[in-house]
Amino acid sequence: MLRKNILDAGSAPGSLAADHDVVATRRTLLLAALAGGLPLVASSRAAKASRLNPDETIVTLPDAIRFVAWSGAPPHSGEMAPLYGGLDKPGPYFVLMKWYPGYMSAPHSYATDRLSLVLSGTWWVNSGADFDPNQTVPVPAGGFVRRVAHTPHYDGVKGDAKEPAVIALFGIAPVKLTLVDPTKPGWRQV
């Protein structure tokens, strides 16, 4: 009976015969399940999830992430929270960077690509060796920026911003930052 109803369900869509066959098929499947032919709900003996192994899955909750001020930078210009690896240790790194309003980097480049995802606020970015904060492009939360190795760029948060920008950064360390003009400071107040 079940096989016949499924095969007959090929009647023209919207016809009374097709509608009747679909209802009959659904009813037959439900009755078969209730009679024990098909499981409707998972058994109470179903496999349970194992406990989290902290050696295999490392979780850091937001309140445990610690930002520290950038060394050598003006006070309250920016902070960083290393989450994986380090900027000076060979291998991949993943850090959070927090830019406060009113500060930007001087034009610089990196030896390797750097991948950036804006998590909150607006990050202002531009390419090139000539520093001009009025030519920067806003990247809001959710925006992605790829910095190509050995290409000059600069970025930061404009002075009229209401909040800092937090950016997640991924790259390969050790980070080798090269200022376009090493005779000038690496930070600019805007």
# chains A, B, ... in the order shown; residues from 1 in each chain; ligands from 1
$ select_by_dssp --residues "range 42-166 of chain A" --states "strand (DSSP E)" --output "MDAnalysis selection string"
chainID A and resid 68:69 78:84 91:99 103:105 108:110 114:120 122:127 137:140 144:147 153:157 165:166
$ residues_around --residues "range 133-135 of chain A" --least-positions-apart "6" --cutoff "12 Å" --atoms "only C-alpha atoms" --output "list in words"
Gly102, Tyr103, Met104, Ser105, Ala106, Pro107, Trp123, Trp124, Val125, Asn126, Ser127, His153, Tyr154, Asp155, Gly156, Val157, Lys158, Gly159, Arg188, Gln189 and Val190 of chain A
$ atom_distance --atom1 "CA of Val175 in chain A" --atom2 "CA of Lys89 in chain A"
8.5 Å
$ atom_distance --atom1 "CA of Phe144 in chain A" --atom2 "CA of Ser109 in chain A"
17.8 Å
$ closest_residue --among "A:Val139, A:Pro152, A:Phe131, A:Leu83" --to "Pro62 in chain A" --atoms "only C-alpha atoms"
A:Leu83
$ residues_around --residues "Val68 in chain A" --least-positions-apart "3" --cutoff "12 Å" --atoms "only C-alpha atoms" --output "ChimeraX atom specification"
/A:65,71,73,75-82,95-99
$ residues_around --residues "Gly142 in chain A" --least-positions-apart "2" --cutoff "10 Å" --atoms "only C-alpha atoms" --output "ChimeraX atom specification"
/A:117-122,139-140,144,167
$ write_last_selection --atoms "C-alpha atoms" --output "PDB file, in the first residue's frame"
ATOM      1  CA  LEU A 117      38.585  41.269   9.853  1.00  0.00           C
ATOM      2  CA  VAL A 118      36.963  44.293  11.506  1.00  0.00           C
ATOM      3  CA  LEU A 119      34.982  43.063  14.527  1.00  0.00           C
ATOM      4  CA  SER A 120      33.629  46.391  15.811  1.00  0.00           C
ATOM      5  CA  GLY A 121      33.874  50.080  15.068  1.00  0.00           C
ATOM      6  CA  THR A 122      35.201  51.483  11.795  1.00  0.00           C
ATOM      7  CA  VAL A 139      35.922  49.532   6.738  1.00  0.00           C
ATOM      8  CA  PRO A 140      32.981  48.860   9.097  1.00  0.00           C
ATOM      9  CA  PHE A 144      37.727  42.151   5.470  1.00  0.00           C
ATOM     10  CA  ILE A 167      40.343  44.097  14.279  1.00  0.00           C
TER      11      ILE A 167
END
$ closest_residue --among "A:His150, A:Lys162, A:Arg66, A:Arg51" --to "His108 in chain A" --atoms "only C-alpha atoms"
A:His150
$ atom_distance --atom1 "CA of Tyr93 in chain A" --atom2 "CA of Thr112 in chain A"
11.9 Å
$ closest_residue --among "A:Ala69, A:Leu61, A:Leu115, A:Ala165" --to "Pro101 in chain A" --atoms "only C-alpha atoms"
A:Ala165
$ closest_residue --among "A:Gly143, A:Gly128, A:Pro164, A:Pro54" --to "Tyr100 in chain A" --atoms "only C-alpha atoms"
A:Pro164
